[in-house]
$ cat protein_9.csv   # CSV, C-alpha atoms
chain,number,residue,atom,x,y,z
A,7,MET,CA,24.7,-1.4,-25.0
A,8,LYS,CA,23.6,-5.0,-24.4
A,9,LYS,CA,20.7,-6.1,-26.4
A,10,VAL,CA,19.0,-7.6,-23.4
A,11,GLN,CA,18.6,-5.3,-20.4
A,12,THR,CA,17.2,-5.6,-16.9
A,13,GLY,CA,15.0,-2.8,-15.7
A,14,GLN,CA,12.0,-1.8,-13.5
A,15,VAL,CA,8.6,-0.8,-14.8
A,16,ILE,CA,8.0,2.8,-13.7
A,17,GLU,CA,4.8,3.7,-15.7
A,18,PHE,CA,2.0,1.5,-16.9
A,19,TYR,CA,-0.7,2.4,-19.4
A,20,SER,CA,-3.5,0.4,-21.0
A,21,ASN,CA,-1.3,-1.3,-23.5
A,22,SER,CA,2.3,-0.3,-22.9
A,23,CYS,CA,4.8,0.6,-20.1
A,24,LEU,CA,7.9,2.6,-19.4
A,25,VAL,CA,11.0,0.7,-18.1
A,26,GLU,CA,13.8,2.3,-16.2
A,27,THR,CA,17.1,0.7,-17.2
A,28,GLU,CA,20.8,1.4,-16.5
A,29,PHE,CA,20.9,3.3,-19.8
A,30,GLY,CA,17.7,5.3,-19.5
A,31,GLN,CA,14.0,4.9,-19.9
A,32,VAL,CA,12.7,2.5,-22.6
A,33,SER,CA,9.1,2.5,-23.9
A,34,SER,CA,7.9,-1.1,-24.2
A,35,MET,CA,4.8,-3.0,-25.2
A,36,ALA,CA,3.1,-4.4,-22.0
A,37,ILE,CA,2.7,-8.1,-21.6
A,38,LYS,CA,0.1,-10.0,-19.6
A,39,ASN,CA,0.0,-9.3,-15.9
A,40,ILE,CA,2.8,-6.8,-15.8
A,41,VAL,CA,2.5,-4.0,-13.2
A,42,VAL,CA,4.4,-1.0,-12.0
A,43,GLY,CA,7.3,-2.0,-9.8
A,44,ASP,CA,8.0,-5.2,-11.7
A,45,TYR,CA,11.6,-6.0,-12.6
A,46,VAL,CA,11.8,-7.3,-16.1
A,47,GLU,CA,14.2,-8.5,-18.8
A,48,LEU,CA,13.7,-6.7,-22.1
A,49,GLU,CA,15.2,-6.8,-25.5
A,50,ILE,CA,16.3,-3.5,-26.9
A,51,ILE,CA,14.9,-2.8,-30.4
A,52,GLN,CA,16.3,0.1,-32.4
A,53,ASP,CA,14.0,1.8,-34.9
A,54,SER,CA,14.1,5.0,-36.8
A,55,LYS,CA,12.6,7.1,-34.1
A,56,ALA,CA,13.8,5.9,-30.7
A,57,LEU,CA,14.8,2.9,-28.6
A,58,LYS,CA,12.0,0.5,-28.0
A,59,GLY,CA,11.8,-2.5,-25.8
A,60,LYS,CA,10.3,-5.9,-26.0
A,61,ILE,CA,9.7,-7.4,-22.6
A,62,LEU,CA,10.9,-11.0,-22.4
A,63,ASN,CA,9.9,-12.0,-18.9
A,64,ILE,CA,9.0,-10.7,-15.5
A,65,LEU,CA,11.5,-11.4,-12.7
A,66,GLU,CA,10.4,-13.0,-9.4
A,67,ARG,CA,8.3,-10.6,-7.4
A,68,GLN,CA,9.3,-10.0,-3.7
A,69,THR,CA,5.8,-8.7,-2.9
A,70,LYS,CA,2.6,-7.9,-4.8
A,71,LEU,CA,-0.7,-6.1,-4.2
A,72,SER,CA,-4.0,-6.8,-5.9
A,73,LYS,CA,-7.5,-5.4,-5.8
A,74,ILE,CA,-10.9,-6.8,-6.6
A,75,ASP,CA,-12.1,-5.9,-10.1
A,76,GLY,CA,-15.6,-7.3,-10.6
A,77,ASP,CA,-15.3,-10.9,-9.5
A,78,LYS,CA,-11.6,-11.1,-10.2
A,79,SER,CA,-8.4,-10.3,-8.3
A,80,LYS,CA,-6.2,-7.9,-10.3
A,81,LEU,CA,-2.6,-7.0,-9.6
A,82,PHE,CA,-1.7,-3.3,-9.5
A,83,ALA,CA,1.8,-3.0,-8.0
A,84,ALA,CA,4.8,-5.2,-7.2
A,85,ASN,CA,7.9,-5.1,-5.1
A,86,ILE,CA,6.5,-2.8,-2.5
A,87,SER,CA,8.1,-2.9,1.0
A,88,HIS,CA,5.8,-0.6,2.9
A,89,VAL,CA,2.2,0.8,2.8
A,90,GLY,CA,1.7,4.2,4.2
A,91,ILE,CA,-1.8,4.5,5.5
A,92,ILE,CA,-2.7,8.3,5.6
A,93,ALA,CA,-4.9,9.2,8.6
A,94,THR,CA,-6.5,12.6,9.2
A,95,PRO,CA,-8.6,14.2,11.9
A,96,SER,CA,-10.8,15.8,9.1
A,97,PRO,CA,-12.2,14.0,7.3
A,98,LYS,CA,-11.9,11.5,10.1
A,99,THR,CA,-10.2,8.3,9.1
A,100,SER,CA,-12.1,5.2,10.3
A,101,LEU,CA,-10.4,2.4,12.3
A,102,GLU,CA,-12.1,0.0,9.8
A,103,PHE,CA,-10.2,1.7,6.9
A,104,ILE,CA,-6.9,1.4,8.8
A,105,ASP,CA,-7.5,-2.2,9.9
A,106,LYS,CA,-8.3,-3.2,6.3
A,107,TRP,CA,-5.0,-1.9,5.0
A,108,ILE,CA,-3.1,-3.4,7.9
A,109,LEU,CA,-4.7,-6.7,7.1
A,110,LYS,CA,-4.0,-6.5,3.4
A,111,SER,CA,-0.4,-5.4,3.9
A,112,LYS,CA,0.4,-8.1,6.3
A,113,LEU,CA,-1.2,-10.8,4.2
A,114,SER,CA,1.0,-9.5,1.3
A,115,ASN,CA,4.2,-9.6,3.4
A,116,ILE,CA,4.3,-5.8,3.3
A,117,VAL,CA,5.0,-3.6,6.4
A,118,PRO,CA,2.1,-1.1,7.2
A,119,PHE,CA,2.7,2.2,8.9
A,120,ILE,CA,0.5,5.2,9.6
A,121,ILE,CA,1.0,8.8,8.4
A,122,ASN,CA,-0.9,11.2,10.7
A,123,ASN,CA,-1.4,14.0,8.2
A,124,LYS,CA,-2.8,17.5,8.7
A,125,LEU,CA,-0.9,18.5,11.8
A,126,ASP,CA,-2.1,22.0,11.1
A,127,LEU,CA,-5.7,20.9,12.1
A,128,GLU,CA,-6.8,20.6,15.7
A,129,SER,CA,-7.6,17.0,16.6
A,130,ASP,CA,-9.9,15.9,19.3
A,131,GLN,CA,-9.3,13.3,22.0
A,132,GLU,CA,-11.2,10.6,20.2
A,133,TYR,CA,-8.9,10.9,17.2
A,134,LYS,CA,-5.8,10.9,19.5
A,135,ASP,CA,-7.1,7.8,21.2
A,136,LYS,CA,-7.6,6.2,17.8
A,137,LEU,CA,-4.0,6.6,16.9
A,138,ASP,CA,-2.9,5.3,20.4
A,139,VAL,CA,-4.6,2.0,19.5
A,140,TYR,CA,-1.9,1.5,16.8
A,141,ARG,CA,1.0,2.8,18.9
A,142,LYS,CA,0.2,0.1,21.4
A,143,ILE,CA,0.5,-2.7,18.8
A,144,ASP,CA,3.8,-1.3,17.5
A,145,ILE,CA,2.6,0.2,14.2
A,146,THR,CA,4.9,3.1,13.3
A,147,ILE,CA,3.2,6.5,13.2
A,148,ILE,CA,4.8,9.5,11.5
A,149,ASN,CA,3.2,12.9,12.2
A,150,CYS,CA,3.4,15.5,9.4
A,151,SER,CA,1.5,18.2,7.4
A,152,ALA,CA,1.7,17.7,3.6
A,153,LYS,CA,0.1,21.2,3.2
A,154,TYR,CA,2.7,23.1,5.2
A,155,GLY,CA,5.6,20.7,5.2
A,156,ASP,CA,5.7,20.2,9.0
A,157,ASN,CA,7.9,17.2,9.9
A,158,ILE,CA,8.3,16.2,6.3
A,159,ASN,CA,12.0,15.6,7.0
A,160,ASP,CA,11.0,13.0,9.6
A,161,LEU,CA,9.0,11.2,7.0
A,162,ILE,CA,11.8,11.4,4.4
A,163,MET,CA,14.2,9.8,6.8
A,164,PHE,CA,11.8,7.0,7.6
A,165,LEU,CA,11.3,6.3,3.9
A,166,LYS,CA,15.0,5.8,3.2
A,167,ASN,CA,15.7,2.5,1.3
A,168,LYS,CA,11.9,1.7,1.1
A,169,SER,CA,9.5,1.3,-1.8
A,170,ILE,CA,6.1,2.7,-0.7
A,171,LEU,CA,2.5,2.9,-1.7
A,172,PHE,CA,0.4,5.6,0.0
A,173,VAL,CA,-3.3,5.0,0.6
A,174,GLY,CA,-5.9,7.3,2.0
A,175,ASN,CA,-9.6,8.2,1.9
A,176,SER,CA,-10.7,11.1,-0.3
A,177,GLY,CA,-9.5,14.3,1.2
A,178,ALA,CA,-6.7,12.7,3.3
A,179,GLY,CA,-4.0,14.5,1.2
A,180,LYS,CA,-2.5,11.6,-0.6
A,181,SER,CA,-1.8,13.6,-3.8
A,182,SER,CA,-0.5,16.5,-1.8
A,183,LEU,CA,1.8,14.4,0.2
A,184,SER,CA,3.2,12.5,-2.8
A,185,SER,CA,3.6,15.7,-4.7
A,186,ARG,CA,5.6,17.3,-1.9
A,187,LEU,CA,7.9,14.4,-1.6
A,188,ILE,CA,8.3,13.9,-5.4
A,189,GLY,CA,8.6,17.6,-6.2
A,190,LYS,CA,5.9,17.8,-8.9
A,191,SER,CA,2.2,18.0,-9.0
A,192,LEU,CA,0.6,14.5,-9.5
A,193,LYS,CA,-2.7,16.1,-10.3
A,194,THR,CA,-1.3,17.4,-13.6
A,195,ASN,CA,1.3,14.6,-14.2
A,196,ASN,CA,2.8,14.8,-17.7
A,197,LEU,CA,3.7,11.4,-19.3
A,198,SER,CA,7.4,10.9,-19.6
A,199,ASN,CA,7.4,8.7,-22.7
A,200,ASN,CA,6.4,11.5,-25.1
A,201,GLN,CA,4.9,9.1,-27.6
A,202,GLY,CA,1.7,11.0,-28.1
A,203,VAL,CA,-0.6,8.0,-27.9
A,204,HIS,CA,-1.5,7.8,-24.2
A,205,THR,CA,-3.6,10.2,-22.2
A,206,THR,CA,-3.4,8.7,-18.7
A,207,SER,CA,-0.8,6.8,-16.7
A,208,LEU,CA,-2.6,4.2,-14.7
A,209,SER,CA,0.3,3.9,-12.2
A,210,SER,CA,3.7,5.4,-11.8
A,211,LEU,CA,6.9,4.8,-9.8
A,212,TYR,CA,9.1,7.7,-8.7
A,213,ALA,CA,12.7,7.2,-7.6
A,214,LEU,CA,13.9,9.7,-5.0
A,215,GLU,CA,17.1,10.3,-3.1
A,216,ASN,CA,18.2,7.8,-0.4
A,217,ASN,CA,16.9,4.9,-2.5
A,218,THR,CA,13.3,5.8,-1.8
A,219,LYS,CA,10.7,4.7,-4.3
A,220,ILE,CA,7.1,5.9,-4.3
A,221,ILE,CA,4.4,4.2,-6.3
A,222,ASP,CA,1.4,6.4,-7.1
A,223,SER,CA,-1.7,4.4,-8.0
A,224,PRO,CA,-4.7,6.7,-8.5
A,225,GLY,CA,-8.0,5.5,-6.9
A,226,MET,CA,-6.4,3.5,-4.1
A,227,ARG,CA,-8.8,4.3,-1.3
A,228,ASP,CA,-11.1,1.8,0.2
A,229,ILE,CA,-10.6,-1.9,-0.6
A,230,GLN,CA,-12.4,-5.1,-0.5
A,231,ILE,CA,-11.1,-8.0,1.5
A,232,ASN,CA,-13.6,-10.7,0.5
A,233,ASN,CA,-10.9,-12.6,-1.4
A,234,TYR,CA,-9.2,-13.8,1.8
A,235,PRO,CA,-10.2,-17.1,3.5
A,236,LYS,CA,-11.7,-16.4,6.9
A,237,GLU,CA,-8.9,-18.3,8.7
A,238,GLN,CA,-6.4,-15.9,7.3
A,239,ILE,CA,-8.1,-12.8,8.8
A,240,ILE,CA,-6.4,-13.2,12.2
A,241,TYR,CA,-3.0,-12.6,10.6
A,242,GLY,CA,-3.9,-8.9,10.2
A,243,PHE,CA,-4.5,-8.7,14.0
A,244,GLU,CA,-1.2,-9.8,15.5
A,245,GLU,CA,-2.2,-9.1,19.1
A,246,ILE,CA,-5.3,-11.4,18.7
A,247,LEU,CA,-3.2,-14.0,16.9
A,248,ASN,CA,-0.7,-14.1,19.8
A,249,ALA,CA,-3.4,-14.3,22.4
A,250,SER,CA,-5.2,-17.1,20.4
A,251,LYS,CA,-2.2,-19.4,21.0
A,252,TYR,CA,-3.2,-19.7,24.6
A,253,CYS,CA,-6.8,-20.5,24.0
A,254,LYS,CA,-8.0,-23.8,25.6
A,255,PHE,CA,-9.1,-25.2,22.2
A,256,SER,CA,-7.3,-24.9,18.9
A,257,ASP,CA,-10.6,-24.3,17.0
A,258,CYS,CA,-11.7,-21.6,19.4
A,259,ASN,CA,-14.1,-19.1,17.8
A,260,HIS,CA,-12.9,-16.2,20.1
A,261,ILE,CA,-16.5,-15.3,20.8
A,262,ASN,CA,-18.1,-17.6,23.4
A,263,ASN,CA,-15.9,-20.7,23.6
A,264,GLU,CA,-14.7,-22.0,27.0
A,265,GLY,CA,-11.2,-21.1,27.9
A,266,CYS,CA,-10.8,-18.3,25.2
A,267,PHE,CA,-7.7,-16.3,26.1
A,268,VAL,CA,-8.6,-13.7,23.4
A,269,MET,CA,-11.8,-12.9,25.3
A,270,LYS,CA,-9.8,-12.7,28.6
A,271,CYS,CA,-7.4,-10.2,27.0
A,272,LEU,CA,-10.3,-8.2,25.6
A,273,ASN,CA,-12.0,-8.0,29.0
A,274,ASN,CA,-8.9,-6.9,30.8
A,275,GLY,CA,-8.0,-4.3,28.1
A,276,GLN,CA,-5.0,-5.9,26.6
A,277,ILE,CA,-6.9,-6.2,23.3
A,278,ASN,CA,-8.6,-3.0,22.0
A,279,GLN,CA,-12.4,-3.4,21.6
A,280,SER,CA,-12.5,-1.8,18.1
A,281,ARG,CA,-9.7,-4.0,16.8
A,282,TYR,CA,-11.5,-7.0,18.1
A,283,ASN,CA,-14.8,-5.8,16.6
A,284,ASN,CA,-13.2,-5.4,13.2
A,285,PHE,CA,-11.5,-8.8,13.4
A,286,ILE,CA,-14.9,-10.5,14.0
A,287,LYS,CA,-16.6,-8.3,11.3
A,288,PHE,CA,-13.9,-9.1,8.7
A,289,ARG,CA,-14.0,-12.8,9.5
A,290,ASP,CA,-17.7,-13.5,10.0
A,291,ASP,CA,-19.8,-10.7,8.4
A,292,GLU,CA,-21.2,-11.8,5.0
A,293,ARG,CA,-20.6,-8.3,3.6
A,294,TYR,CA,-16.9,-9.1,3.7
A,295,LYS,CA,-17.2,-12.6,2.1

$ encode --input "protein_9.csv" --output "structure tokens"
Amino acid sequence: MKKVQTGQVIEFYSNSCLVETEFGQVSSMAIKNIVVGDYVELEIIQDSKALKGKILNILERQTKLSKIDGDKSKLFAANISHVGIIATPSPKTSLEFIDKWILKSKLSNIVPFIINNKLDLESDQEYKDKLDVYRKIDITIINCSAKYGDNINDLIMFLKNKSILFVGNSGAGKSSLSSRLIGKSLKTNNLSNNQGVHTTSLSSLYALENNTKIIDSPGMRDIQINNYPKEQIIYGFEEILNASKYCKFSDCNHINNEGCFVMKCLNNGQINQSRYNNFIKFRDDERYK
């Protein structure tokens, strides 16, 4: 076995992490700013009990996700390709929640998609219209039931060759969905390093068949978006961004300026009113700054 190995961080604790390598899983001391999903180089250290690792450096991240912790931005996952936004008819998922995660995903160069969970529940027309908003802007929507397994195979096929983080409000079924796909209950997850010094895994990565990876990060529900400059908000609203290119003035505020093509598209129904409202809210409302 080579003394220096390349691997991926699959579990992260408060002061250590578990790294998946070609030769198996290696428990390593965490270094500053390391997160689940990171690819690392580590030095293998043999002691009397088991193989240990010393992480030498973090390899370049393709993508990264962060959250606001107090007044600081804190990384919590890396090298994610897709974010699955779980929507449900009960409790009803708000368009604001969905738009926040679409914004965060796109500004992180990650592809967002929607999982319409709880097919076993009757959904009203308002909820169906809500999902149609996203179909019209080419956001992929996968219908399934985590509880009963309906259409789970469709989701599994979509997840092939992807690294995914699922997000959802409390009660949306994130743990149930992840548990069904992974084949184990995440609510009673046992730590895999067996070191006897940790009580809770802060985040975990699960490798499935078809080169699918699922990152489970407890507590990922609503998010803050006040760390983004207001001029970047439009990049989470692609239909508004595209329309803005035809506005008369390059500094158009898309509210009351002369020759605003965004307002023209809004008035003729090409841009959804709720999407527009959230764009203005995220950009201008002081609660989001």

$ atom_distance --input "protein_9.csv" --atom1 "atom CA of A:Ala84" --atom2 "atom CA of A:Arg293"
27.8 Å

$ residues_around --input "protein_9.csv" --residues "A:Val25" --least-positions-apart "5" --cutoff "10 Å" --atoms "all atoms listed in the file" --output "list of chain:residue names"
A:Gln11, A:Thr12, A:Gly13, A:Gln14, A:Val15, A:Ile16, A:Glu17, A:Phe18, A:Gly30, A:Gln31, A:Val32, A:Ser33, A:Ser34, A:Val42, A:Gly43, A:Asp44, A:Tyr45, A:Val46, A:Glu47, A:Leu48, A:Lys58, A:Gly59, A:Ile61, A:Asn199

$ residues_around --input "protein_9.csv" --residues "A:Ser280" --least-positions-apart "5" --cutoff "10 Å" --atoms "all atoms listed in the file" --output "PDB file with C-alpha atoms, in the frame of the given file"
ATOM      1  CA  LEU A 101     -10.400   2.400  12.300  1.00  0.00           C
ATOM      2  CA  GLU A 102     -12.100   0.000   9.800  1.00  0.00           C
ATOM      3  CA  ASP A 105      -7.500  -2.200   9.900  1.00  0.00           C
ATOM      4  CA  LYS A 136      -7.600   6.200  17.800  1.00  0.00           C
ATOM      5  CA  VAL A 139      -4.600   2.000  19.500  1.00  0.00           C
ATOM      6  CA  PHE A 285     -11.500  -8.800  13.400  1.00  0.00           C
ATOM      7  CA  ILE A 286     -14.900 -10.500  14.000  1.00  0.00           C
TER       8      ILE A 286
END

$ closest_residue --input "protein_9.csv" --among "A:Tyr212, A:Phe288, A:Tyr282, A:Tyr234" --to "A:Leu24" --atoms "only C-alpha atoms"
A:Tyr212

$ atom_distance --input "protein_9.csv" --atom1 "atom CA of A:Ile121" --atom2 "atom CA of A:Cys150"
7.2 Å

$ closest_residue --input "protein_9.csv" --among "A:Gly242, A:Gly177, A:Gly189, A:Gly90" --to "A:Ile148" --atoms "all atoms listed in the file"
A:Gly90

$ atom_distance --input "protein_9.csv" --atom1 "atom CA of A:Leu137" --atom2 "atom CA of A:Ile240"
20.5 Å

$ closest_residue --input "protein_9.csv" --among "A:His260, A:Lys124, A:Arg289, A:Lys110" --to "A:Ser96" --atoms "all atoms listed in the file"
A:Lys124

$ closest_residue --input "protein_9.csv" --among "A:Thr94, A:Ala249, A:Ser100, A:Tyr133" --to "A:Asn149" --atoms "all atoms listed in the file"
A:Thr94

$ closest_residue --input "protein_9.csv" --among "A:Cys253, A:Leu113, A:Leu62, A:Ile239" --to "A:Met269" --atoms "all atoms listed in the file"
A:Cys253

$ residues_near_point --input "protein_9.csv" --point "(4.5, 0.2, -1.9)" --cutoff "7 Å" --atoms "all atoms listed in the file" --output "PyMOL selection string"
chain A and resi 86-89+169-171+220-221

$ closest_residue --input "protein_9.csv" --among "A:Ile246, A:Leu211, A:Val10, A:Met163" --to "A:Cys23" --atoms "only C-alpha atoms"
A:Leu211

$ residues_near_point --input "protein_9.csv" --point "(-5.1, -7.1, 22.1)" --cutoff "6 Å" --atoms "only C-alpha atoms" --output "PDB file with C-alpha atoms, in the coordinates of the input"
ATOM      1  CA  GLU A 245      -2.200  -9.100  19.100  1.00  0.00           C
ATOM      2  CA  ILE A 246      -5.300 -11.400  18.700  1.00  0.00           C
ATOM      3  CA  GLN A 276      -5.000  -5.900  26.600  1.00  0.00           C
ATOM      4  CA  ILE A 277      -6.900  -6.200  23.300  1.00  0.00           C
ATOM      5  CA  ASN A 278      -8.600  -3.000  22.000  1.00  0.00           C
TER       6      ASN A 278
END

$ build_atoms --input "protein_9.csv" --residues "stretch 102-126 of chain A" --atoms "N, CA and C atoms" --output "compact mmCIF listing (two decimals), in the coordinates of the input"
# COMPACT_ATOMS: atom_id res chain seq x y z
N GLU A 102 -11.82 1.11 10.73
CA GLU A 102 -12.10 0.00 9.80
C GLU A 102 -11.17 0.17 8.55
N PHE A 103 -11.03 1.40 8.05
CA PHE A 103 -10.20 1.70 6.90
C PHE A 103 -8.71 1.27 7.24
N ILE A 104 -8.24 1.72 8.40
CA ILE A 104 -6.90 1.40 8.80
C ILE A 104 -6.67 -0.08 8.98
N ASP A 105 -7.62 -0.75 9.62
CA ASP A 105 -7.50 -2.20 9.90
C ASP A 105 -7.53 -3.00 8.58
N LYS A 106 -8.31 -2.54 7.61
CA LYS A 106 -8.30 -3.20 6.30
C LYS A 106 -6.97 -3.20 5.65
N TRP A 107 -6.32 -2.03 5.68
CA TRP A 107 -5.00 -1.90 5.00
C TRP A 107 -3.92 -2.60 5.80
N ILE A 108 -4.02 -2.63 7.11
CA ILE A 108 -3.10 -3.40 7.90
C ILE A 108 -3.19 -4.88 7.54
N LEU A 109 -4.43 -5.35 7.46
CA LEU A 109 -4.70 -6.70 7.10
C LEU A 109 -4.12 -7.05 5.71
N LYS A 110 -4.46 -6.22 4.73
CA LYS A 110 -4.00 -6.50 3.40
C LYS A 110 -2.50 -6.43 3.26
N SER A 111 -1.88 -5.48 3.94
CA SER A 111 -0.40 -5.40 3.90
C SER A 111 0.24 -6.60 4.50
N LYS A 112 -0.21 -7.01 5.66
CA LYS A 112 0.40 -8.10 6.30
C LYS A 112 0.24 -9.44 5.58
N LEU A 113 -0.93 -9.62 4.97
CA LEU A 113 -1.20 -10.80 4.20
C LEU A 113 -0.38 -10.80 2.87
N SER A 114 0.16 -9.64 2.53
CA SER A 114 1.00 -9.50 1.30
C SER A 114 2.48 -9.42 1.67
N ASN A 115 2.82 -9.66 2.95
CA ASN A 115 4.20 -9.60 3.40
C ASN A 115 4.80 -8.18 3.25
N ILE A 116 3.95 -7.18 3.41
CA ILE A 116 4.30 -5.80 3.30
C ILE A 116 4.14 -5.12 4.68
N VAL A 117 5.05 -4.20 5.04
CA VAL A 117 5.00 -3.60 6.40
C VAL A 117 4.06 -2.34 6.30
N PRO A 118 3.01 -2.30 7.14
CA PRO A 118 2.10 -1.10 7.20
C PRO A 118 2.66 -0.10 8.20
N PHE A 119 2.46 1.17 7.90
CA PHE A 119 2.70 2.20 8.90
C PHE A 119 1.68 3.32 8.66
N ILE A 120 1.53 4.20 9.62
CA ILE A 120 0.50 5.20 9.60
C ILE A 120 1.14 6.61 9.46
N ILE A 121 0.60 7.44 8.56
CA ILE A 121 1.00 8.80 8.40
C ILE A 121 -0.12 9.69 9.01
N ASN A 122 0.14 10.33 10.14
CA ASN A 122 -0.90 11.20 10.70
C ASN A 122 -0.71 12.58 10.07
N ASN A 123 -1.51 12.80 9.02
CA ASN A 123 -1.40 14.00 8.20
C ASN A 123 -2.27 15.13 8.80
N LYS A 124 -2.05 16.33 8.31
CA LYS A 124 -2.80 17.50 8.70
C LYS A 124 -2.57 17.93 10.14
N LEU A 125 -1.27 18.01 10.50
CA LEU A 125 -0.90 18.50 11.80
C LEU A 125 -1.42 19.90 12.09
N ASP A 126 -1.67 20.63 11.00
CA ASP A 126 -2.10 22.00 11.10
C ASP A 126 -3.58 22.08 11.63
